[in-house]
$ cat entry_37.cif   # mmCIF, C-alpha atoms
data_start
#
loop_
_atom_site.label_atom_id
_atom_site.label_comp_id
_atom_site.auth_asym_id
_atom_site.auth_seq_id
_atom_site.Cartn_x
_atom_site.Cartn_y
_atom_site.Cartn_z
CA MET A 47 115.06 93.00 106.73
CA LYS A 48 114.18 96.36 105.18
CA VAL A 49 110.55 97.20 105.92
CA GLY A 50 108.68 99.73 103.81
CA LEU A 51 105.38 101.43 104.63
CA ALA A 52 102.82 102.34 101.97
CA LEU A 53 100.48 104.89 103.55
CA GLY A 54 97.12 105.32 101.89
CA SER A 55 94.96 108.36 101.25
CA GLY A 56 91.75 108.98 103.16
CA GLY A 57 91.75 112.51 104.54
CA ALA A 58 91.22 112.67 108.29
CA ARG A 59 91.11 108.87 108.50
CA GLY A 60 94.81 108.95 107.61
CA LEU A 61 95.48 109.81 111.24
CA ALA A 62 95.22 106.06 111.81
CA HIS A 63 98.72 105.80 110.28
CA ILE A 64 100.05 107.31 113.52
CA ALA A 65 98.78 104.27 115.43
CA LEU A 66 100.69 102.06 113.01
CA PHE A 67 103.92 103.99 113.66
CA GLU A 68 103.40 103.63 117.40
CA LYS A 69 102.73 99.90 117.12
CA LEU A 70 105.85 99.27 115.05
CA ASN A 71 107.93 101.40 117.41
CA SER A 72 106.69 99.39 120.40
CA ILE A 73 108.08 96.18 118.87
CA GLY A 74 111.36 97.74 117.79
CA ILE A 75 110.69 98.12 114.05
CA THR A 76 111.87 101.26 112.26
CA PRO A 77 110.78 101.56 108.60
CA TYR A 78 113.53 101.70 106.01
CA SER A 79 111.37 103.71 103.60
CA ILE A 80 107.91 105.28 103.48
CA ALA A 81 105.78 106.36 100.53
CA GLY A 82 102.45 108.09 100.97
CA SER A 83 99.52 109.42 99.01
CA SER A 84 97.57 112.45 100.19
CA ALA A 85 97.03 112.11 103.97
CA GLY A 86 99.61 109.33 103.90
CA ALA A 87 102.09 111.80 102.45
CA VAL A 88 101.37 114.40 105.14
CA ILE A 89 101.75 112.02 108.06
CA GLY A 90 104.54 110.01 106.46
CA GLY A 91 106.52 113.17 105.74
CA LEU A 92 106.20 114.39 109.33
CA TYR A 93 107.24 111.02 110.71
CA CYS A 94 110.28 110.75 108.42
CA LEU A 95 111.27 114.29 109.34
CA TYR A 96 110.69 114.34 113.10
CA GLY A 97 109.90 110.79 114.22
CA LEU A 98 107.13 109.90 116.67
CA ASP A 99 108.01 112.60 119.19
CA GLY A 100 105.29 115.26 118.99
CA LEU A 101 103.73 113.75 115.87
CA MET A 102 100.18 113.73 117.21
CA ASP A 103 100.56 117.29 118.47
CA ARG A 104 101.67 118.40 115.02
CA MET A 105 98.67 116.71 113.43
CA LEU A 106 96.34 118.34 115.95
CA GLU A 107 97.85 121.62 114.80
CA VAL A 108 96.70 120.65 111.29
CA VAL A 109 93.24 120.18 112.79
CA ARG A 110 93.31 123.70 114.16
CA LEU A 111 94.59 125.21 110.94
CA ASN A 112 92.03 123.30 108.84
CA LYS A 113 88.95 124.58 110.61
CA GLU A 114 88.18 126.57 107.47
CA ILE A 115 88.18 123.37 105.41
CA VAL A 116 85.93 121.58 107.88
CA ALA A 117 83.48 124.48 108.16
CA LYS A 118 83.24 125.11 104.43
CA THR A 119 82.86 121.46 103.46
CA ASP A 120 80.31 120.88 106.21
CA GLU A 121 78.32 123.80 104.84
CA LEU A 122 78.44 122.51 101.28
CA MET A 123 77.65 118.88 102.14
CA GLY A 124 75.38 119.01 105.14
CA LYS A 125 73.70 122.35 105.70
CA LYS A 126 70.08 122.73 104.58
CA ARG A 127 69.41 125.71 102.36
CA ASN A 128 66.36 127.04 100.60
CA LEU A 129 65.98 126.49 96.85
CA LYS A 130 67.16 129.98 95.86
CA ASN A 131 70.35 129.72 97.88
CA GLU A 132 70.87 126.16 96.65
CA VAL A 133 70.77 127.27 93.01
CA MET A 134 73.09 130.21 93.67
CA GLU A 135 75.57 128.01 95.52
CA MET A 136 75.48 125.40 92.77
CA SER A 137 76.21 128.04 90.13
CA LYS A 138 79.29 129.13 92.06
CA ILE A 139 80.48 125.53 92.38
CA VAL A 140 80.02 124.75 88.68
CA MET A 141 81.92 127.85 87.58
CA ALA A 142 84.68 127.64 90.18
CA HIS A 143 88.09 126.06 89.65
CA SER A 144 87.75 124.29 93.00
CA LEU A 145 85.63 124.38 96.16
CA LEU A 146 88.52 125.78 98.21
CA THR A 147 91.57 127.83 97.27
CA GLY A 148 95.01 126.31 97.12
CA ASN A 149 96.20 128.75 99.79
CA VAL A 150 94.14 126.96 102.45
CA ILE A 151 96.04 123.70 102.24
CA TYR A 152 99.40 125.28 101.37
CA ASP A 153 99.37 127.63 104.36
CA SER A 154 98.60 124.88 106.87
CA LEU A 155 101.23 122.49 105.48
CA LYS A 156 103.79 125.28 105.16
CA HIS A 157 103.28 125.87 108.86
CA LEU A 158 104.21 122.22 109.50
CA PHE A 159 107.04 121.67 107.05
CA GLY A 160 108.46 125.16 106.61
CA SER A 161 111.47 125.08 104.27
CA LYS A 162 112.46 121.50 105.05
CA ARG A 163 113.60 119.38 102.14
CA PHE A 164 113.52 115.65 101.46
CA SER A 165 117.22 115.57 102.29
CA ASP A 166 116.33 116.62 105.86
CA CYS A 167 114.33 113.43 106.45
CA LYS A 168 115.80 110.84 108.81
CA ILE A 169 114.00 108.04 106.95
CA ASP A 170 113.75 107.67 103.16
CA PHE A 171 110.47 109.26 102.05
CA ALA A 172 108.49 109.80 98.86
CA ALA A 173 105.19 111.55 98.17
CA VAL A 174 103.00 110.26 95.35
CA ALA A 175 100.92 112.62 93.20
CA PHE A 176 99.01 112.25 89.93
CA ASP A 177 99.98 114.08 86.73
CA ILE A 178 96.67 114.98 85.04
CA GLU A 179 98.01 115.77 81.59
CA HIS A 180 100.27 112.72 81.26
CA GLU A 181 97.85 110.43 83.12
CA LYS A 182 100.37 108.81 85.44
CA ALA A 183 101.44 108.61 89.06
CA ILE A 184 104.45 110.72 89.95
CA VAL A 185 106.91 109.90 92.73
CA ILE A 186 108.41 113.02 94.30
CA ASP A 187 111.45 112.48 96.51
CA GLU A 188 113.50 115.64 96.19
CA GLY A 189 113.08 119.37 96.68
CA PHE A 190 110.88 121.08 99.28
CA LEU A 191 108.61 118.75 101.23
CA VAL A 192 105.72 121.20 101.34
CA ASP A 193 105.54 121.45 97.53
CA ALA A 194 105.43 117.68 97.11
CA ILE A 195 102.96 117.07 99.91
CA VAL A 196 100.57 119.82 98.83
CA SER A 197 100.63 118.28 95.35
CA SER A 198 99.94 114.83 96.75
CA SER A 199 97.07 116.16 98.90
CA SER A 200 95.20 118.35 96.41
CA VAL A 201 91.90 116.48 96.13
CA PRO A 202 90.51 117.13 92.61
CA GLY A 203 87.58 119.51 92.71
CA THR A 204 88.15 120.42 96.35
CA PHE A 205 91.56 122.03 95.75
CA PRO A 206 93.06 123.29 92.47
CA PRO A 207 95.86 121.34 90.74
CA VAL A 208 99.40 122.24 91.77
CA ARG A 209 101.86 123.32 89.11
CA LEU A 210 105.17 121.64 89.91
CA GLY A 211 108.04 120.63 87.65
CA GLY A 212 106.06 121.61 84.56
CA MET A 213 103.21 119.28 85.55
CA ASN A 214 99.68 119.83 86.84
CA LEU A 215 99.49 117.57 89.88
CA VAL A 216 96.60 116.42 92.06
CA ASP A 217 95.97 113.98 94.90
CA GLY A 218 98.10 110.84 94.64
CA GLY A 219 95.09 108.79 95.73
CA THR A 220 93.54 109.45 92.33
CA THR A 221 95.26 106.30 91.05
CA ARG A 222 97.57 105.23 93.87
CA VAL A 223 95.29 104.99 96.89
CA ILE A 224 97.97 102.98 98.67
CA PRO A 225 101.36 103.35 96.93
CA VAL A 226 102.57 99.77 97.41
CA LYS A 227 104.35 99.58 94.05
CA GLU A 228 106.19 102.85 94.68
CA THR A 229 107.25 101.69 98.15
CA ARG A 230 108.62 98.40 96.90
CA GLU A 231 110.68 100.19 94.26
CA ARG A 232 112.59 102.00 97.02
CA GLY A 233 114.66 98.91 97.81
CA VAL A 234 112.66 97.33 100.61
CA ASP A 235 112.23 93.61 101.32
CA PHE A 236 108.79 93.74 102.91
CA VAL A 237 105.90 96.17 102.32
CA ILE A 238 103.24 96.93 104.91
CA ALA A 239 100.23 98.65 103.34
CA SER A 240 98.00 100.87 105.49
CA ASP A 241 94.46 101.31 104.12
CA VAL A 242 92.24 104.00 105.67
CA SER A 243 89.62 104.31 102.95
CA PRO A 244 86.53 102.27 103.93
CA PHE A 245 83.49 102.62 101.70
CA VAL A 246 80.45 104.15 103.42
CA PRO A 247 77.74 105.28 100.91
CA ASP A 248 76.29 108.75 101.43
CA LEU A 249 73.54 109.77 99.00
CA SER A 250 72.26 112.77 100.94
CA ASN A 251 73.13 115.43 98.35
CA MET A 252 74.99 116.03 95.09
CA LEU A 253 78.45 116.47 96.59
CA SER A 254 77.99 113.47 98.86
CA ILE A 255 77.03 111.35 95.87
CA GLN A 256 80.11 112.56 93.99
CA TYR A 257 82.40 111.68 96.88
CA THR A 258 80.65 108.30 97.23
CA VAL A 259 81.32 107.52 93.57
CA ASP A 260 84.97 108.47 94.08
CA ASP A 261 85.05 106.22 97.16
CA VAL A 262 83.78 103.29 95.10
CA LYS A 263 86.56 103.79 92.57
CA GLY A 264 89.03 104.24 95.39
CA LYS A 265 88.00 100.99 97.06
CA ILE A 266 88.55 99.06 93.81
CA LEU A 267 92.00 100.60 93.39
CA ALA A 268 92.85 100.10 97.07
CA ASP A 269 92.02 96.39 96.86
CA ILE A 270 94.41 96.06 93.93
CA ASP A 271 97.15 97.85 95.86
CA LEU A 272 96.58 95.71 98.96
CA SER A 273 96.88 92.51 96.95
CA GLU A 274 100.46 93.49 96.08
CA ALA A 275 101.54 94.12 99.69
CA ASP A 276 103.27 91.61 101.96
CA LEU A 277 101.07 92.65 104.87
CA ALA A 278 97.82 94.58 104.42
CA ILE A 279 96.34 96.57 107.29
CA LYS A 280 92.74 97.61 106.64
CA PHE A 281 91.47 100.06 109.22
CA ASN A 282 87.70 100.09 109.64
CA ILE A 283 86.85 103.69 110.48
CA PRO A 284 83.21 104.14 109.44
CA LYS A 285 81.08 107.25 109.62
CA ILE A 286 84.03 109.63 109.69
CA ARG A 287 84.23 111.84 106.64
CA TRP A 288 87.50 112.69 104.96
CA TYR A 289 87.45 116.30 106.21
CA GLU A 290 86.57 115.64 109.87
CA PHE A 291 90.03 116.26 111.29
CA ASN A 292 88.40 117.32 114.56
CA LYS A 293 87.86 113.60 115.27
CA ALA A 294 91.60 112.89 115.37
CA LYS A 295 91.68 111.25 118.80
CA GLN A 296 88.68 109.04 118.04
CA ILE A 297 90.33 107.84 114.81
CA CYS A 298 93.57 106.95 116.58
CA GLN A 299 91.74 105.10 119.36
CA ILE A 300 89.89 102.95 116.82
CA ALA A 301 93.13 102.22 114.94
CA LYS A 302 95.04 101.24 118.09
CA LYS A 303 92.27 98.83 119.05
CA GLU A 304 92.34 97.16 115.63
CA LEU A 305 96.13 96.80 115.66
CA GLU A 306 96.01 94.79 118.89
CA ASN A 307 95.17 91.68 116.86
CA VAL A 308 97.97 92.05 114.31
CA ASP A 309 101.02 89.87 115.04
CA PHE A 310 103.70 91.83 113.18
CA CYS A 311 106.61 89.89 114.65
CA SER A 312 105.38 86.51 113.44
CA VAL A 313 104.58 87.75 109.94
CA LEU A 314 107.94 89.46 109.56
CA LYS A 315 109.81 86.43 110.89
CA GLU A 316 108.08 84.15 108.38
CA ASN A 317 109.05 86.44 105.52
CA ASP A 318 112.59 87.31 106.59
CA PRO A 319 114.96 86.19 103.78
CA GLU A 320 117.89 86.21 106.23
CA PRO A 321 116.60 84.95 109.60
CA SER A 322 118.93 85.40 112.53
CA SER A 323 120.62 82.27 113.87
#
$ encode --input "entry_37.cif" --output "structure tokens"
Amino acid sequence: MKVGLALGSGGARGLAHIALFEKLNSIGITPYSIAGSSAGAVIGGLYCLYGLDGLMDRMLEVVRLNKEIVAKTDELMGKKRNLKNEVMEMSKIVMAHSLLTGNVIYDSLKHLFGSKRFSDCKIDFAAVAFDIEHEKAIVIDEGFLVDAIVSSSSVPGTFPPVRLGGMNLVDGGTTRVIPVKETRERGVDFVIASDVSPFVPDLSNMLSIQYTVDDVKGKILADIDLSEADLAIKFNIPKIRWYEFNKAKQICQIAKKELENVDFCSVLKENDPEPSS
């Protein structure tokens, strides 16, 4: 049976996808195809390219390279400032194209993927992005991996849109939080959906409220995606913000614990259209 993985968006919480890879590997299941949005695209792309060997180390390298993202976002969302500085900072945000430059995310992902192409992947892989102008999800499965994955990971407002193939693309999680539909269309028999986007309200400041509203919309979309999967894995990783990549090991430990209660073998056997004799 051809098993496909639909890896959801969720920033740092997407590191939980690694625990799913490890679990499947431990029971002898290799995915036939993987599609990912945002963080799911980053981790899915690395796995399809290199496999499990060194995957966590590569993601910890992302942690190191994204210290600028963590520091800047922490400052904007959590640091107390006086009224004058608050007004000045808000003026910069309103007039800016994005909170962070596109070079920040491109440079770190370029370090990971280099000049590798989709054709270099050992497992079929697709990154999902969102075309702003044509209002639709875009499946990217050819060309340079870094271009596709940066497009899929460019959170609107935080990073600028990516111009690729004549389109202005942003984070695939905008409409495809968990790309179940796109995974199924890649010729698989069974789709496992990995959801890492729990809703935890944060009303502490303007940016937190904005992200909370986006999380509400994301949860609604994620529930729709999960309903279309053959097996839905919902990781409960509360109180970890999307940019806290420095909590990588904690995220993976939580995910591994939750996967202990999932009986993959039984579910797959029940749904196998061609059971072995």
$ resolve_selection --input "entry_37.cif" --expression "the PyMOL selection byres ((chain A and resi 48) around 9)" --output "JSON, numbers by chain"
{"A": [47, 49, 50, 76, 77, 78, 79, 233, 234, 235, 236, 237]}
$ residues_around --input "entry_37.cif" --residues "Ile89 of chain A" --least-positions-apart "6" --cutoff "12 Å" --atoms "only C-alpha atoms" --output "ChimeraX atom specification"
/A:51-67,80-83,95-98,100-106,108,155,158-159,171-173,191,195,198-199
$ closest_residue --input "entry_37.cif" --among "A:Ile238, A:Leu249, A:Val150, A:Ile186" --to "Pro206 of chain A" --atoms "all atoms listed in the file"
A:Val150
$ atom_distance --input "entry_37.cif" --atom1 "atom CA of Thr229 of chain A" --atom2 "atom CA of Asn317 of chain A"
17.0 Å
$ atom_distance --input "entry_37.cif" --atom1 "atom CA of Thr220 of chain A" --atom2 "atom CA of Lys302 of chain A"
27.1 Å
$ residues_near_point --input "entry_37.cif" --point "(82.6, 110.4, 100.0)" --cutoff "10 Å" --atoms "all atoms listed in the file" --output "ChimeraX atom specification"
/A:56,243-249,253-262,286-289
$ residues_around --input "entry_37.cif" --residues "Gly212 of chain A" --least-positions-apart "6" --cutoff "12 Å" --atoms "only C-alpha atoms" --output "PyMOL selection string"
chain A and resi 177-180
$ atom_distance --input "entry_37.cif" --atom1 "atom CA of Gly211 of chain A" --atom2 "atom CA of Ala183 of chain A"
13.8 Å
$ build_atoms --input "entry_37.cif" --residues "segment 232-257 of chain A" --atoms "N, CA, C and O atoms" --output "PDB file, in the coordinates of the input"
ATOM      1  N   ARG A 232     111.593 101.233  96.277  1.00  0.00           N
ATOM      2  CA  ARG A 232     112.590 102.000  97.020  1.00  0.00           C
ATOM      3  C   ARG A 232     113.585 101.078  97.749  1.00  0.00           C
ATOM      4  O   ARG A 232     114.266 101.495  98.686  1.00  0.00           O
ATOM      5  N   GLY A 233     113.638  99.830  97.307  1.00  0.00           N
ATOM      6  CA  GLY A 233     114.660  98.910  97.810  1.00  0.00           C
ATOM      7  C   GLY A 233     114.329  98.206  99.096  1.00  0.00           C
ATOM      8  O   GLY A 233     115.242  97.814  99.841  1.00  0.00           O
ATOM      9  N   VAL A 234     113.042  98.017  99.381  1.00  0.00           N
ATOM     10  CA  VAL A 234     112.660  97.330 100.610  1.00  0.00           C
ATOM     11  C   VAL A 234     112.424  95.846 100.346  1.00  0.00           C
ATOM     12  O   VAL A 234     112.200  95.426  99.209  1.00  0.00           O
ATOM     13  N   ASP A 235     112.454  95.053 101.424  1.00  0.00           N
ATOM     14  CA  ASP A 235     112.230  93.610 101.320  1.00  0.00           C
ATOM     15  C   ASP A 235     110.787  93.229 101.631  1.00  0.00           C
ATOM     16  O   ASP A 235     110.309  92.176 101.202  1.00  0.00           O
ATOM     17  N   PHE A 236     110.119  94.077 102.402  1.00  0.00           N
ATOM     18  CA  PHE A 236     108.790  93.740 102.910  1.00  0.00           C
ATOM     19  C   PHE A 236     107.946  95.007 102.960  1.00  0.00           C
ATOM     20  O   PHE A 236     108.378  96.017 103.524  1.00  0.00           O
ATOM     21  N   VAL A 237     106.757  94.982 102.361  1.00  0.00           N
ATOM     22  CA  VAL A 237     105.900  96.170 102.320  1.00  0.00           C
ATOM     23  C   VAL A 237     104.652  95.977 103.171  1.00  0.00           C
ATOM     24  O   VAL A 237     103.884  95.019 102.976  1.00  0.00           O
ATOM     25  N   ILE A 238     104.471  96.883 104.113  1.00  0.00           N
ATOM     26  CA  ILE A 238     103.240  96.930 104.910  1.00  0.00           C
ATOM     27  C   ILE A 238     102.369  98.041 104.324  1.00  0.00           C
ATOM     28  O   ILE A 238     102.797  99.187 104.230  1.00  0.00           O
ATOM     29  N   ALA A 239     101.152  97.681 103.920  1.00  0.00           N
ATOM     30  CA  ALA A 239     100.230  98.650 103.340  1.00  0.00           C
ATOM     31  C   ALA A 239      99.184  99.052 104.376  1.00  0.00           C
ATOM     32  O   ALA A 239      98.593  98.195 105.035  1.00  0.00           O
ATOM     33  N   SER A 240      98.956 100.346 104.516  1.00  0.00           N
ATOM     34  CA  SER A 240      98.000 100.870 105.490  1.00  0.00           C
ATOM     35  C   SER A 240      96.831 101.511 104.754  1.00  0.00           C
ATOM     36  O   SER A 240      96.980 102.555 104.113  1.00  0.00           O
ATOM     37  N   ASP A 241      95.658 100.870 104.848  1.00  0.00           N
ATOM     38  CA  ASP A 241      94.460 101.310 104.120  1.00  0.00           C
ATOM     39  C   ASP A 241      93.491 101.990 105.082  1.00  0.00           C
ATOM     40  O   ASP A 241      93.037 101.383 106.048  1.00  0.00           O
ATOM     41  N   VAL A 242      93.160 103.252 104.802  1.00  0.00           N
ATOM     42  CA  VAL A 242      92.240 104.000 105.670  1.00  0.00           C
ATOM     43  C   VAL A 242      91.047 104.531 104.882  1.00  0.00           C
ATOM     44  O   VAL A 242      90.468 105.549 105.206  1.00  0.00           O
ATOM     45  N   SER A 243      90.678 103.801 103.832  1.00  0.00           N
ATOM     46  CA  SER A 243      89.620 104.310 102.950  1.00  0.00           C
ATOM     47  C   SER A 243      88.421 103.374 102.865  1.00  0.00           C
ATOM     48  O   SER A 243      88.124 102.827 101.807  1.00  0.00           O
ATOM     49  N   PRO A 244      87.708 103.143 103.980  1.00  0.00           N
ATOM     50  CA  PRO A 244      86.530 102.270 103.930  1.00  0.00           C
ATOM     51  C   PRO A 244      85.418 102.921 103.120  1.00  0.00           C
ATOM     52  O   PRO A 244      85.325 104.152 103.026  1.00  0.00           O
ATOM     53  N   PHE A 245      84.574 102.103 102.531  1.00  0.00           N
ATOM     54  CA  PHE A 245      83.490 102.620 101.700  1.00  0.00           C
ATOM     55  C   PHE A 245      82.204 102.707 102.512  1.00  0.00           C
ATOM     56  O   PHE A 245      81.655 101.703 102.942  1.00  0.00           O
ATOM     57  N   VAL A 246      81.706 103.921 102.719  1.00  0.00           N
ATOM     58  CA  VAL A 246      80.450 104.150 103.420  1.00  0.00           C
ATOM     59  C   VAL A 246      79.575 105.045 102.533  1.00  0.00           C
ATOM     60  O   VAL A 246      79.812 106.255 102.445  1.00  0.00           O
ATOM     61  N   PRO A 247      78.567 104.486 101.839  1.00  0.00           N
ATOM     62  CA  PRO A 247      77.740 105.280 100.910  1.00  0.00           C
ATOM     63  C   PRO A 247      77.033 106.432 101.606  1.00  0.00           C
ATOM     64  O   PRO A 247      76.532 106.291 102.718  1.00  0.00           O
ATOM     65  N   ASP A 248      77.007 107.583 100.946  1.00  0.00           N
ATOM     66  CA  ASP A 248      76.290 108.750 101.430  1.00  0.00           C
ATOM     67  C   ASP A 248      75.619 109.380 100.216  1.00  0.00           C
ATOM     68  O   ASP A 248      76.283 109.951  99.347  1.00  0.00           O
ATOM     69  N   LEU A 249      74.299 109.266 100.154  1.00  0.00           N
ATOM     70  CA  LEU A 249      73.540 109.770  99.000  1.00  0.00           C
ATOM     71  C   LEU A 249      72.675 110.959  99.381  1.00  0.00           C
ATOM     72  O   LEU A 249      71.657 111.223  98.748  1.00  0.00           O
ATOM     73  N   SER A 250      73.091 111.701 100.404  1.00  0.00           N
ATOM     74  CA  SER A 250      72.260 112.770 100.940  1.00  0.00           C
ATOM     75  C   SER A 250      72.166 114.001 100.049  1.00  0.00           C
ATOM     76  O   SER A 250      71.171 114.720 100.083  1.00  0.00           O
ATOM     77  N   ASN A 251      73.190 114.287  99.259  1.00  0.00           N
ATOM     78  CA  ASN A 251      73.130 115.430  98.350  1.00  0.00           C
ATOM     79  C   ASN A 251      74.122 115.220  97.205  1.00  0.00           C
ATOM     80  O   ASN A 251      74.813 114.201  97.154  1.00  0.00           O
ATOM     81  N   MET A 252      74.197 116.195  96.297  1.00  0.00           N
ATOM     82  CA  MET A 252      74.990 116.030  95.090  1.00  0.00           C
ATOM     83  C   MET A 252      76.470 115.791  95.393  1.00  0.00           C
ATOM     84  O   MET A 252      77.100 114.886  94.837  1.00  0.00           O
ATOM     85  N   LEU A 253      77.032 116.609  96.283  1.00  0.00           N
ATOM     86  CA  LEU A 253      78.450 116.470  96.590  1.00  0.00           C
ATOM     87  C   LEU A 253      78.738 115.151  97.293  1.00  0.00           C
ATOM     88  O   LEU A 253      79.749 114.505  97.034  1.00  0.00           O
ATOM     89  N   SER A 254      77.818 114.741  98.175  1.00  0.00           N
ATOM     90  CA  SER A 254      77.990 113.470  98.860  1.00  0.00           C
ATOM     91  C   SER A 254      77.977 112.310  97.867  1.00  0.00           C
ATOM     92  O   SER A 254      78.756 111.361  97.992  1.00  0.00           O
ATOM     93  N   ILE A 255      77.100 112.387  96.892  1.00  0.00           N
ATOM     94  CA  ILE A 255      77.030 111.350  95.870  1.00  0.00           C
ATOM     95  C   ILE A 255      78.335 111.314  95.078  1.00  0.00           C
ATOM     96  O   ILE A 255      78.876 110.244  94.777  1.00  0.00           O
ATOM     97  N   GLN A 256      78.864 112.493  94.746  1.00  0.00           N
ATOM     98  CA  GLN A 256      80.110 112.560  93.990  1.00  0.00           C
ATOM     99  C   GLN A 256      81.256 111.932  94.775  1.00  0.00           C
ATOM    100  O   GLN A 256      82.037 111.138  94.241  1.00  0.00           O
ATOM    101  N   TYR A 257      81.340 112.260  96.055  1.00  0.00           N
ATOM    102  CA  TYR A 257      82.400 111.680  96.880  1.00  0.00           C
ATOM    103  C   TYR A 257      82.196 110.173  97.045  1.00  0.00           C
ATOM    104  O   TYR A 257      83.164 109.409  97.117  1.00  0.00           O
TER     105      TYR A 257
END
